[in-house]
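Colleague: mmCIF, C-alpha atoms, saved as final.cif, coming up:
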data_model
loop_
_atom_site.label_atom_id
_atom_site.label_comp_id
_atom_site.auth_asym_id
_atom_site.auth_seq_id
_atom_site.Cartn_x
_atom_site.Cartn_y
_atom_site.Cartn_z
CA MET G 29 -102.85 55.40 -38.37
CA SER G 30 -105.83 57.24 -36.94
CA ASP G 31 -105.54 59.47 -33.87
CA ALA G 32 -109.19 58.81 -32.97
CA ILE G 33 -110.14 55.71 -30.98
CA GLU G 34 -113.58 54.16 -31.24
CA ASN G 35 -115.04 52.27 -28.30
CA VAL G 36 -116.87 49.20 -29.60
CA LEU G 37 -119.22 46.85 -27.74
CA ILE G 38 -119.69 43.40 -29.30
CA LEU G 39 -122.72 41.50 -28.01
CA GLN G 40 -123.10 37.77 -28.63
CA GLY G 41 -126.37 35.95 -29.11
CA GLY G 42 -127.69 33.49 -26.54
CA GLY G 43 -131.40 33.84 -25.78
CA SER G 44 -132.03 34.74 -22.15
CA LEU G 45 -128.26 34.86 -21.60
CA GLY G 46 -128.44 38.28 -23.27
CA ALA G 47 -129.33 39.71 -19.86
CA PHE G 48 -125.61 39.36 -19.06
CA GLY G 49 -124.86 41.90 -21.82
CA CYS G 50 -127.38 44.29 -20.26
CA GLY G 51 -125.30 44.25 -17.07
CA VAL G 52 -122.09 44.80 -19.01
CA TYR G 53 -123.55 47.87 -20.69
CA LYS G 54 -124.70 49.26 -17.33
CA ALA G 55 -121.12 49.01 -16.05
CA LEU G 56 -119.75 50.80 -19.13
CA VAL G 57 -122.21 53.65 -18.60
CA ASN G 58 -121.51 53.86 -14.87
CA ASN G 59 -117.79 54.16 -15.65
CA ASN G 60 -118.43 56.95 -18.20
CA ILE G 61 -117.26 54.92 -21.20
CA LYS G 62 -118.96 56.31 -24.28
CA LEU G 63 -119.53 53.80 -27.05
CA ASP G 64 -119.10 54.68 -30.71
CA ILE G 65 -120.21 51.38 -32.25
CA LEU G 66 -122.63 48.72 -31.01
CA SER G 67 -122.57 45.39 -32.81
CA GLY G 68 -124.48 42.21 -32.13
CA THR G 69 -126.45 39.33 -33.48
CA SER G 70 -129.50 37.45 -32.21
CA ILE G 71 -130.32 38.66 -28.68
CA GLY G 72 -127.07 40.65 -28.82
CA GLY G 73 -128.41 42.47 -31.87
CA LEU G 74 -131.63 43.17 -30.00
CA ASN G 75 -129.71 44.55 -27.01
CA ALA G 76 -127.62 46.74 -29.30
CA THR G 77 -130.73 48.08 -31.03
CA VAL G 78 -132.45 49.02 -27.77
CA ILE G 79 -129.31 50.88 -26.66
CA ALA G 80 -128.70 52.66 -29.97
CA GLY G 81 -132.31 53.70 -30.51
CA SER G 82 -133.48 54.17 -26.94
CA LYS G 83 -136.36 56.60 -26.50
CA GLU G 84 -135.07 57.45 -23.03
CA ASP G 85 -132.06 59.61 -22.18
CA ARG G 86 -130.69 56.69 -20.18
CA PRO G 87 -130.51 53.73 -22.57
CA GLU G 88 -129.08 51.47 -19.87
CA LYS G 89 -132.32 51.94 -17.93
CA SER G 90 -134.41 51.22 -21.04
CA LEU G 91 -132.50 48.01 -21.65
CA GLU G 92 -132.88 46.82 -18.07
CA ASN G 93 -136.60 47.68 -18.09
CA PHE G 94 -136.99 45.65 -21.28
CA TRP G 95 -135.37 42.63 -19.67
CA MET G 96 -137.45 42.87 -16.54
CA GLU G 97 -140.61 43.20 -18.63
CA ILE G 98 -139.97 40.02 -20.59
CA ALA G 99 -139.00 38.23 -17.34
CA ASP G 100 -142.34 39.17 -15.77
CA THR G 101 -144.30 37.29 -18.40
CA ASN G 102 -143.18 33.85 -17.27
CA ASN G 103 -144.63 34.07 -13.76
CA GLY G 104 -148.17 33.15 -14.76
CA ASN G 105 -146.93 30.44 -17.11
CA ILE G 106 -144.83 28.83 -14.38
CA ASN G 107 -147.75 28.78 -11.94
CA THR G 108 -149.90 27.07 -14.55
CA TYR G 109 -147.10 24.71 -15.41
CA LEU G 110 -146.64 23.64 -11.78
CA ASN G 111 -150.25 22.38 -11.81
CA PHE G 112 -149.90 20.63 -15.16
CA PRO G 113 -150.67 16.96 -14.24
CA PHE G 114 -148.57 15.41 -17.03
CA PHE G 115 -145.42 16.49 -15.25
CA GLU G 116 -146.25 15.06 -11.83
CA SER G 117 -143.90 12.28 -10.79
CA PRO G 118 -145.32 8.80 -11.54
CA PHE G 119 -143.39 7.40 -8.60
CA PRO G 120 -145.11 7.73 -5.18
CA GLY G 121 -143.31 9.91 -2.66
CA GLN G 122 -140.97 11.54 -5.20
CA ILE G 123 -140.74 15.26 -6.03
CA PRO G 124 -142.69 16.36 -9.12
CA PHE G 125 -140.34 16.89 -12.08
CA PRO G 126 -140.82 20.68 -12.38
CA LEU G 127 -139.57 21.30 -8.84
CA ALA G 128 -136.18 19.79 -9.65
CA SER G 129 -134.86 22.92 -11.38
CA GLU G 130 -136.18 26.44 -11.80
CA SER G 131 -134.15 26.73 -15.00
CA THR G 132 -135.72 23.55 -16.41
CA LEU G 133 -139.15 24.74 -15.31
CA SER G 134 -138.75 28.08 -17.04
CA PHE G 135 -137.52 26.34 -20.18
CA TYR G 136 -140.56 24.06 -20.41
CA SER G 137 -142.88 26.92 -19.58
CA SER G 138 -141.45 28.91 -22.50
CA ALA G 139 -141.55 25.87 -24.77
CA ILE G 140 -145.20 25.12 -24.03
CA TYR G 141 -146.72 28.56 -23.54
CA GLY G 142 -144.16 30.87 -25.16
CA ASN G 143 -143.43 34.31 -23.77
CA ARG G 144 -146.19 36.70 -24.81
CA LYS G 145 -143.78 39.66 -24.95
CA ILE G 146 -141.37 37.85 -27.31
CA PHE G 147 -142.84 34.77 -28.99
CA LEU G 148 -145.98 32.64 -29.05
CA PRO G 149 -146.46 28.99 -30.05
CA ARG G 150 -148.04 28.35 -33.39
CA TRP G 151 -150.42 25.80 -31.88
CA GLY G 152 -152.18 28.43 -29.74
CA PRO G 153 -155.98 28.38 -30.18
CA GLU G 154 -155.97 32.03 -31.33
CA ASN G 155 -154.32 30.81 -34.56
CA ILE G 156 -157.01 28.32 -35.56
CA PHE G 157 -158.69 30.72 -37.99
CA LYS G 158 -155.58 32.79 -38.83
CA ASP G 159 -153.14 30.06 -39.81
CA PRO G 160 -154.12 28.18 -43.01
CA GLN G 161 -151.68 25.38 -42.06
CA TYR G 162 -152.88 25.07 -38.47
CA PHE G 163 -154.19 21.52 -38.97
CA THR G 164 -151.33 20.37 -41.24
CA PRO G 165 -148.24 20.55 -38.97
CA SER G 166 -146.33 18.31 -41.40
CA LYS G 167 -145.97 21.44 -43.56
CA TRP G 168 -144.77 23.71 -40.76
CA THR G 169 -141.35 25.37 -41.10
CA TYR G 170 -141.53 27.08 -37.70
CA LEU G 171 -143.16 26.47 -34.31
CA TYR G 172 -143.02 29.94 -32.76
CA ASP G 173 -144.08 33.36 -34.00
CA HIS G 174 -141.67 35.96 -32.61
CA SER G 175 -143.44 39.00 -34.08
CA PRO G 176 -144.84 39.92 -30.60
CA LEU G 177 -141.32 41.18 -29.95
CA VAL G 178 -141.98 44.15 -32.26
CA LYS G 179 -144.94 45.31 -30.16
CA THR G 180 -142.89 45.03 -26.96
CA LEU G 181 -140.02 47.07 -28.41
CA GLU G 182 -142.27 49.97 -29.47
CA LYS G 183 -142.04 51.56 -26.03
CA TYR G 184 -138.24 51.33 -25.99
CA ILE G 185 -136.96 52.12 -29.51
CA ASP G 186 -137.14 55.30 -31.55
CA TYR G 187 -136.49 53.98 -35.06
CA SER G 188 -135.98 57.48 -36.46
CA LYS G 189 -132.60 57.43 -34.72
CA LEU G 190 -131.53 54.27 -36.50
CA GLN G 191 -130.69 55.69 -39.90
CA PRO G 192 -127.95 57.79 -41.50
CA ASN G 193 -127.76 61.13 -39.66
CA GLY G 194 -130.39 59.87 -37.22
CA LYS G 195 -128.20 60.56 -34.18
CA PRO G 196 -128.34 57.15 -32.49
CA ASN G 197 -126.65 56.65 -29.11
CA ALA G 198 -123.98 54.76 -31.07
CA ARG G 199 -123.60 53.45 -34.61
CA LEU G 200 -125.54 50.19 -34.84
CA ILE G 201 -124.35 47.12 -36.75
CA ILE G 202 -126.44 43.93 -36.52
CA THR G 203 -126.26 40.77 -38.58
CA ALA G 204 -128.37 38.02 -40.14
CA VAL G 205 -127.86 35.35 -42.80
CA ASN G 206 -129.49 34.78 -46.19
CA VAL G 207 -131.45 31.51 -45.89
CA MET G 208 -131.09 30.72 -49.59
CA THR G 209 -127.40 31.54 -50.13
CA ALA G 210 -125.81 31.36 -46.64
CA GLU G 211 -124.35 34.82 -47.27
CA PRO G 212 -124.03 37.29 -44.38
CA LEU G 213 -126.47 40.18 -44.16
CA ILE G 214 -125.13 43.31 -42.46
CA PHE G 215 -127.50 46.05 -41.25
CA ASP G 216 -125.70 49.29 -40.49
CA SER G 217 -127.50 52.38 -39.18
CA ALA G 218 -124.82 54.58 -40.80
CA LYS G 219 -125.86 53.26 -44.22
CA GLN G 220 -129.55 52.34 -43.98
CA GLN G 221 -132.73 52.65 -41.97
CA ILE G 222 -132.95 49.90 -39.36
CA THR G 223 -136.54 48.67 -39.02
CA PRO G 224 -138.44 46.13 -36.88
CA LYS G 225 -137.94 43.63 -39.72
CA HIS G 226 -134.18 43.80 -39.23
CA ILE G 227 -134.61 43.03 -35.53
CA LEU G 228 -136.83 40.05 -36.35
CA ALA G 229 -134.24 38.90 -38.89
CA THR G 230 -131.29 39.04 -36.49
CA THR G 231 -133.30 37.10 -33.86
CA ALA G 232 -134.89 34.52 -36.21
CA TYR G 233 -133.02 31.52 -34.85
CA PRO G 234 -134.25 28.33 -36.57
CA THR G 235 -133.04 25.93 -33.87
CA TYR G 236 -135.46 27.74 -31.55
CA PHE G 237 -137.98 27.07 -34.34
CA PHE G 238 -138.51 30.75 -35.11
CA GLN G 239 -139.76 31.80 -38.53
CA TRP G 240 -137.45 33.26 -41.17
CA VAL G 241 -138.10 36.88 -42.12
CA GLU G 242 -138.68 38.16 -45.65
CA LEU G 243 -136.79 41.47 -45.63
CA GLU G 244 -137.77 42.24 -49.19
CA LYS G 245 -139.18 40.23 -52.06
CA GLY G 246 -137.16 37.04 -52.35
CA LEU G 247 -134.72 37.88 -49.52
CA PHE G 248 -135.23 35.58 -46.55
CA ALA G 249 -133.19 35.97 -43.38
CA TRP G 250 -132.32 33.90 -40.32
CA ASP G 251 -130.39 34.71 -37.15
CA GLY G 252 -126.81 35.84 -37.84
CA SER G 253 -125.36 33.57 -35.14
CA LEU G 254 -125.63 30.72 -37.64
CA LEU G 255 -122.57 32.23 -39.35
CA SER G 256 -120.88 34.10 -36.52
CA ASN G 257 -122.04 34.72 -32.98
CA THR G 258 -119.41 37.44 -32.48
CA PRO G 259 -119.73 40.10 -35.22
CA LEU G 260 -116.34 41.79 -34.81
CA ARG G 261 -115.17 41.31 -38.40
CA GLU G 262 -118.25 43.18 -39.56
CA VAL G 263 -117.24 46.17 -37.43
CA ILE G 264 -113.70 46.20 -38.81
CA ASP G 265 -115.05 46.02 -42.37
CA ALA G 266 -117.59 48.80 -41.69
CA SER G 267 -115.12 51.13 -39.98
CA PRO G 268 -111.62 50.26 -41.19
CA ALA G 269 -109.94 53.64 -40.68
CA LYS G 270 -110.29 54.45 -36.97
CA ASP G 271 -108.38 52.73 -34.19
CA LYS G 272 -110.52 50.65 -31.85
CA ARG G 273 -110.89 49.51 -28.28
CA ILE G 274 -113.12 46.43 -28.15
CA PHE G 275 -115.33 45.28 -25.28
CA LEU G 276 -116.47 41.77 -26.15
CA VAL G 277 -119.31 40.10 -24.26
CA GLU G 278 -119.00 36.31 -24.16
CA ASN G 279 -122.25 34.53 -23.33
CA TYR G 280 -120.58 31.23 -24.20
CA PRO G 281 -117.23 30.71 -22.41
CA LYS G 282 -114.32 29.39 -24.44
CA ASN G 283 -112.50 27.84 -21.49
CA ILE G 284 -113.61 25.30 -18.90
CA GLU G 285 -111.79 23.86 -15.89
CA LYS G 286 -112.80 20.21 -16.23
CA LEU G 287 -114.13 17.80 -18.83
CA PRO G 288 -117.88 17.09 -19.04
CA SER G 289 -118.96 14.27 -16.75
CA ASN G 290 -122.17 13.12 -18.47
CA LEU G 291 -123.96 13.29 -21.82
CA GLN G 292 -125.92 16.41 -20.92
CA GLU G 293 -122.70 18.24 -20.05
CA VAL G 294 -121.14 16.96 -23.30
CA LYS G 295 -124.01 18.45 -25.29
CA HIS G 296 -123.80 21.67 -23.28
CA ARG G 297 -120.07 21.98 -23.93
CA ALA G 298 -120.51 21.28 -27.65
CA ARG G 299 -123.10 24.06 -27.80
CA ASP G 300 -120.78 26.49 -26.03
CA ILE G 301 -117.97 25.74 -28.48
CA MET G 302 -120.25 26.22 -31.48
CA PHE G 303 -121.30 29.68 -30.29
CA SER G 304 -118.07 30.78 -28.61
CA ASP G 305 -115.97 33.69 -29.85
CA LYS G 306 -113.96 32.81 -32.97
CA THR G 307 -112.60 36.25 -33.81
CA VAL G 308 -108.99 35.57 -32.80
CA HIS G 309 -108.01 35.22 -36.46
CA SER G 310 -109.71 38.53 -37.35
CA ILE G 311 -107.82 40.25 -34.52
CA HIS G 312 -104.50 38.74 -35.62
CA MET G 313 -105.16 39.75 -39.22
CA SER G 314 -106.02 43.29 -38.18
CA LYS G 315 -102.78 43.55 -36.21
CA ALA G 316 -100.80 42.10 -39.13
CA ILE G 317 -102.32 44.66 -41.51
CA THR G 318 -101.44 47.41 -39.03
CA LEU G 319 -97.79 46.30 -38.97
CA GLN G 320 -97.69 46.07 -42.76
CA LEU G 321 -99.14 49.57 -43.10
CA LYS G 322 -96.53 50.94 -40.70
CA LEU G 323 -93.83 49.29 -42.79
CA ILE G 324 -95.31 50.75 -45.98
CA ASP G 325 -95.46 54.12 -44.26
CA ASP G 326 -91.75 53.98 -43.39
CA LEU G 327 -90.81 52.86 -46.90
CA TYR G 328 -92.97 55.55 -48.48
CA LYS G 329 -91.42 58.30 -46.39
CA MET G 330 -87.96 57.08 -47.34
CA LEU G 331 -88.93 56.97 -51.01
CA GLU G 332 -90.44 60.45 -50.82
CA TYR G 333 -87.30 61.81 -49.11
CA TYR G 334 -84.89 60.48 -51.74
CA PHE G 335 -87.08 60.96 -54.81
CA ASN G 336 -85.93 63.92 -56.90
CA SER G 337 -86.32 62.73 -60.48
CA GLU G 338 -87.01 65.36 -63.14
CA LYS G 339 -88.41 62.83 -65.60
CA ILE G 340 -92.13 63.33 -66.24
CA GLU G 341 -92.83 59.59 -66.51
CA GLU G 342 -91.20 58.85 -63.17
CA LYS G 343 -93.03 61.75 -61.54
CA GLU G 344 -96.34 60.39 -62.82
CA LYS G 345 -95.52 56.93 -61.47
CA PHE G 346 -94.61 58.42 -58.12
CA GLU G 347 -97.87 60.37 -57.95
CA LYS G 348 -99.80 57.17 -58.64
CA ILE G 349 -97.92 55.45 -55.81
CA ARG G 350 -98.68 58.41 -53.56
CA ALA G 351 -102.42 58.20 -54.38
CA ARG G 352 -102.52 54.44 -53.79
CA TYR G 353 -100.63 54.78 -50.52
CA LYS G 354 -102.99 57.49 -49.31
CA LYS G 355 -106.05 55.41 -50.19
CA VAL G 356 -104.75 52.30 -48.38
CA SER G 357 -103.60 54.19 -45.27
CA GLU G 358 -106.87 56.12 -44.98
CA GLU G 359 -109.23 53.23 -45.68
CA HIS G 360 -107.47 50.40 -43.84
CA GLY G 361 -105.44 52.09 -41.15
CA ALA G 362 -107.39 51.02 -38.09
CA GLU G 363 -105.44 49.50 -35.22
CA ILE G 364 -107.04 47.42 -32.47
CA LYS G 365 -105.67 49.03 -29.33
CA GLY G 366 -107.14 46.44 -26.99
CA VAL G 367 -109.70 43.63 -26.75
CA TYR G 368 -111.34 43.15 -23.35
CA TYR G 369 -113.35 39.98 -22.85
CA ILE G 370 -116.23 40.04 -20.38
CA THR G 371 -117.16 36.40 -19.97
CA ARG G 372 -120.14 34.79 -18.30
CA ASP G 373 -119.34 32.02 -15.82
CA GLU G 374 -121.19 28.70 -15.77
CA PRO G 375 -120.92 27.27 -12.25
CA SER G 376 -123.84 24.90 -12.94
CA PRO G 377 -124.01 24.24 -16.71
CA SER G 378 -127.53 23.69 -18.01
CA LEU G 379 -128.86 23.10 -21.50
CA TYR G 380 -131.89 25.17 -20.53
CA GLU G 381 -130.09 28.29 -19.34
CA ASN G 382 -130.50 30.22 -22.60
CA ALA G 383 -134.30 29.80 -22.38
CA ASP G 384 -134.59 30.63 -18.69
CA PHE G 385 -136.61 33.86 -18.48
CA SER G 386 -137.45 33.52 -14.80
CA LYS G 387 -137.12 36.83 -12.98
CA ASN G 388 -134.47 35.53 -10.58
CA ALA G 389 -132.30 34.23 -13.43
CA ILE G 390 -132.56 37.49 -15.41
CA LYS G 391 -131.71 39.62 -12.37
CA ALA G 392 -128.76 37.40 -11.48
CA SER G 393 -127.45 37.52 -15.05
CA ILE G 394 -127.67 41.33 -15.21
CA ASN G 395 -125.85 41.64 -11.88
CA ASP G 396 -123.20 39.17 -13.00
CA GLY G 397 -122.51 41.10 -16.20
CA GLU G 398 -122.32 44.40 -14.35
CA GLN G 399 -119.90 43.11 -11.72
CA LYS G 400 -117.59 41.38 -14.19
CA ALA G 401 -117.47 44.37 -16.53
CA ASP G 402 -116.89 46.76 -13.65
CA ARG G 403 -113.96 44.68 -12.46
CA ILE G 404 -112.36 44.61 -15.93
CA ILE G 405 -112.88 48.34 -16.43
CA LYS G 406 -111.22 49.05 -13.07
CA GLU G 407 -108.25 46.91 -14.16
CA ILE G 408 -107.97 48.86 -17.42
CA GLN G 409 -108.08 52.16 -15.56
CA THR G 410 -105.45 51.01 -13.04
CA LYS G 411 -103.08 49.96 -15.82
CA GLY G 412 -103.64 53.29 -17.53
CA LYS G 413 -102.64 55.19 -14.41
CA ARG G 414 -99.45 53.12 -14.03
CA LYS G 415 -98.38 54.14 -17.51
#
When written as structure tokens, how does the structure in this file appear?

Modeller:
Amino acid sequence: MSDAIENVLILQGGGSLGAFGCGVYKALVNNNIKLDILSGTSIGGLNATVIAGSKEDRPEKSLENFWMEIADTNNGNINTYLNFPFFESPFPGQIPFPLASESTLSFYSSAIYGNRKIFLPRWGPENIFKDPQYFTPSKWTYLYDHSPLVKTLEKYIDYSKLQPNGKPNARLIITAVNVMTAEPLIFDSAKQQITPKHILATTAYPTYFFQWVELEKGLFAWDGSLLSNTPLREVIDASPAKDKRIFLVENYPKNIEKLPSNLQEVKHRARDIMFSDKTVHSIHMSKAITLQLKLIDDLYKMLEYYFNSEKIEEKEKFEKIRARYKKVSEEHGAEIKGVYYITRDEPSPSLYENADFSKNAIKASINDGEQKADRIIKEIQTKGKRK
């Protein structure tokens, strides 16, 4: 087993819920926890990329600035939306629909107008002469262009860091899926140059009606959350030799205290289950492999102690066993020392929460992530002192 321990942050996808992960990272930094690997998909992959490739010396500040910048863009849209006559209540004396929920309001604002720092609707008038299919929506395969995200990220990310020997703030592993084959696509800064295309690929979520990304000729990618919203297995596969301490950000809680009480809550709960963490099996398998390797280690040492044959054939066989043992122990000897779940609460479940980019919601989500992570870190530190 390895003496070194890698600190790993796993960041789930979840649209605007990704602000929660920003708060978690702030808490890790404030508690002087240095990360060795950052892994994420969808908005989690975007968060991880901003941290790993930050132009600033304080990546936690860069990430928070990014979130506040994309939150700012909705203010004008919301003001316009409030005056949009279609959404006034048709019943005299009743509150106009948009005033019922800020989350709902922000959702519809994003759906109608987009968010100019992240994505824009395909039906915008600026596309009339640029989009050859503008007047044939029956042929559309996407509704929103999320390439504006690349322009926004230019001020935050130094892509020269995101390559082998590029000295990122942590090794970056983000995921996508091959549209044509449903195979996972893993982008690892220790093995390749991460580019804006990889960020667009990991965030190209088709249920949000974003466009797939052609990474290279004939290779089309969608958001990796379609396969797994918690890319822990990819980290274990990429770094199988070093022991690990995992901090896992859950944007979609696994557990709830009561059953849904209406159809909207049923749909909300079904969504949470679909995108919740499903890495328990990977963790169990990793621990099982660790136990098996320890057993092999004990058996090998016993064999080595008692082996004293002078026969050349038996010596050759033993050397082959030694080589195989060394290869297995060095390449698959990682042990998961701990998995710490930092989970977002949902006091008022809403189907629109992952598209709520209102400034108040983003600030609250960042603060929530920071407080929950800080509490868990303090618990870890207290237990460590007791030992």

Colleague: Would you mind reading off the distance between CA of Ser188 (chain G) and CA of Ile214 (chain G), one decimal, in Å?

Modeller: 18.8 Å

Colleague: For CA of Asn257 (chain G) and CA of Met302 (chain G), quote the distance in Å rounded to one decimal.

Modeller: 8.8 Å

Colleague: On this structure, the PyMOL selection byres ((chain G and resi 281) around 10) would catch which residues? List them as a VMD selection string, sorted by chain and number.

Modeller: chain G and resid 277 to 280 282 to 284 297 300 to 301 303 to 305 370 to 374

Colleague: Please produce a file of those selected residues containing C-alpha atoms, as a short mmCIF file (atom, residue, chain, number, x, y, z; two decimals), keeping the file's coordinate frame.

Modeller:
data_model
loop_
_atom_site.label_atom_id
_atom_site.label_comp_id
_atom_site.auth_asym_id
_atom_site.auth_seq_id
_atom_site.Cartn_x
_atom_site.Cartn_y
_atom_site.Cartn_z
CA VAL G 277 -119.31 40.10 -24.26
CA GLU G 278 -119.00 36.31 -24.16
CA ASN G 279 -122.25 34.53 -23.33
CA TYR G 280 -120.58 31.23 -24.20
CA LYS G 282 -114.32 29.39 -24.44
CA ASN G 283 -112.50 27.84 -21.49
CA ILE G 284 -113.61 25.30 -18.90
CA ARG G 297 -120.07 21.98 -23.93
CA ASP G 300 -120.78 26.49 -26.03
CA ILE G 301 -117.97 25.74 -28.48
CA PHE G 303 -121.30 29.68 -30.29
CA SER G 304 -118.07 30.78 -28.61
CA ASP G 305 -115.97 33.69 -29.85
CA ILE G 370 -116.23 40.04 -20.38
CA THR G 371 -117.16 36.40 -19.97
CA ARG G 372 -120.14 34.79 -18.30
CA ASP G 373 -119.34 32.02 -15.82
CA GLU G 374 -121.19 28.70 -15.77
#

Colleague: So how far away is CA of Ser378 (chain G) from CA of Gly152 (chain G), in Å?

Modeller: 27.7 Å

Colleague: Please write as number ranges by chain the full residue list that the PyMOL selection byres ((chain G and resi 259-262) around 12) yields on this file.

Modeller: G: 36-41, 65-70, 72-73, 76, 200-204, 212-216, 230, 252-258, 263-268, 272-278, 303-314, 364, 367

Colleague: Compare G:Ile227, G:Ile390, G:Val57, G:Ala32 by their minimum atom-to-atom distance to Ile71 (chain G), counting all atoms listed in the file, and give me the closest one.

Modeller: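 Checking each of G:Ile227, G:Ile390, G:Val57, G:Ala32 against Ile71 (chain G), counting all atoms listed in the file, the winner is G:Ile227.
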
Colleague: What do you get, as JSON, numbers by chain, if you spell out every residue that the PyMOL selection byres ((chain G and resi 44) around 8) selects here?

Modeller: {"G": [42, 43, 45, 46, 47, 71, 381, 382, 383, 384, 385, 390]}

Colleague: Would you output that residue set with C-alpha atoms, as a compact mmCIF listing (two decimals), in the coordinates of the input?

Modeller:
# COMPACT_ATOMS: atom_id res chain seq x y z
CA GLY G 42 -127.69 33.49 -26.54
CA GLY G 43 -131.40 33.84 -25.78
CA LEU G 45 -128.26 34.86 -21.60
CA GLY G 46 -128.44 38.28 -23.27
CA ALA G 47 -129.33 39.71 -19.86
CA ILE G 71 -130.32 38.66 -28.68
CA GLU G 381 -130.09 28.29 -19.34
CA ASN G 382 -130.50 30.22 -22.60
CA ALA G 383 -134.30 29.80 -22.38
CA ASP G 384 -134.59 30.63 -18.69
CA PHE G 385 -136.61 33.86 -18.48
CA ILE G 390 -132.56 37.49 -15.41

Colleague: For Val52 (chain G), list every protein, DNA or RNA residue within 9 Å, evaluated using only C-alpha atoms, and leave out those in the same chain fewer than 6 positions away; present the list as a PDB file with C-alpha atoms, keeping the file's coordinate frame.

Modeller:
ATOM      1  CA  VAL G 277    -119.310  40.100 -24.260  1.00  0.00           C
ATOM      2  CA  ILE G 370    -116.230  40.040 -20.380  1.00  0.00           C
ATOM      3  CA  ILE G 394    -127.670  41.330 -15.210  1.00  0.00           C
ATOM      4  CA  ASN G 395    -125.850  41.640 -11.880  1.00  0.00           C
ATOM      5  CA  ASP G 396    -123.200  39.170 -13.000  1.00  0.00           C
ATOM      6  CA  GLY G 397    -122.510  41.100 -16.200  1.00  0.00           C
ATOM      7  CA  GLU G 398    -122.320  44.400 -14.350  1.00  0.00           C
ATOM      8  CA  GLN G 399    -119.900  43.110 -11.720  1.00  0.00           C
ATOM      9  CA  LYS G 400    -117.590  41.380 -14.190  1.00  0.00           C
ATOM     10  CA  ALA G 401    -117.470  44.370 -16.530  1.00  0.00           C
ATOM     11  CA  ASP G 402    -116.890  46.760 -13.650  1.00  0.00           C
TER      12      ASP G 402
END

Colleague: I want to know what sits within 6 Å of Lys145 (chain G), based on all atoms listed in the file, with residues of the same chain fewer than 3 positions away left out; could you give that as a PDB file with C-alpha atoms, in the frame of the given file?

Modeller:
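Writing the result to selection.pdb gives the following:
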ATOM      1  CA  ILE G  98    -139.970  40.020 -20.590  1.00  0.00           C
ATOM      2  CA  PRO G 176    -144.840  39.920 -30.600  1.00  0.00           C
ATOM      3  CA  LEU G 177    -141.320  41.180 -29.950  1.00  0.00           C
ATOM      4  CA  THR G 180    -142.890  45.030 -26.960  1.00  0.00           C
TER       5      THR G 180
END

Colleague: Kindly indicate which residue among G:Asn75, G:Thr231, G:Asn388, G:Ser90 lies nearest to Phe147 (chain G), using only C-alpha atoms for the distances.

Modeller: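 Using only C-alpha atoms, the shortest distance to Phe147 (chain G) belongs to G:Thr231.
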
Colleague: Taking into account all atoms listed in the file, which residue in the set G:Leu287, G:Ile222, G:Ala249, G:Leu63 is nearest to Leu190 (chain G)?

Modeller: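 Distance minimum relative to Leu190 (chain G) lands on G:Ile222.
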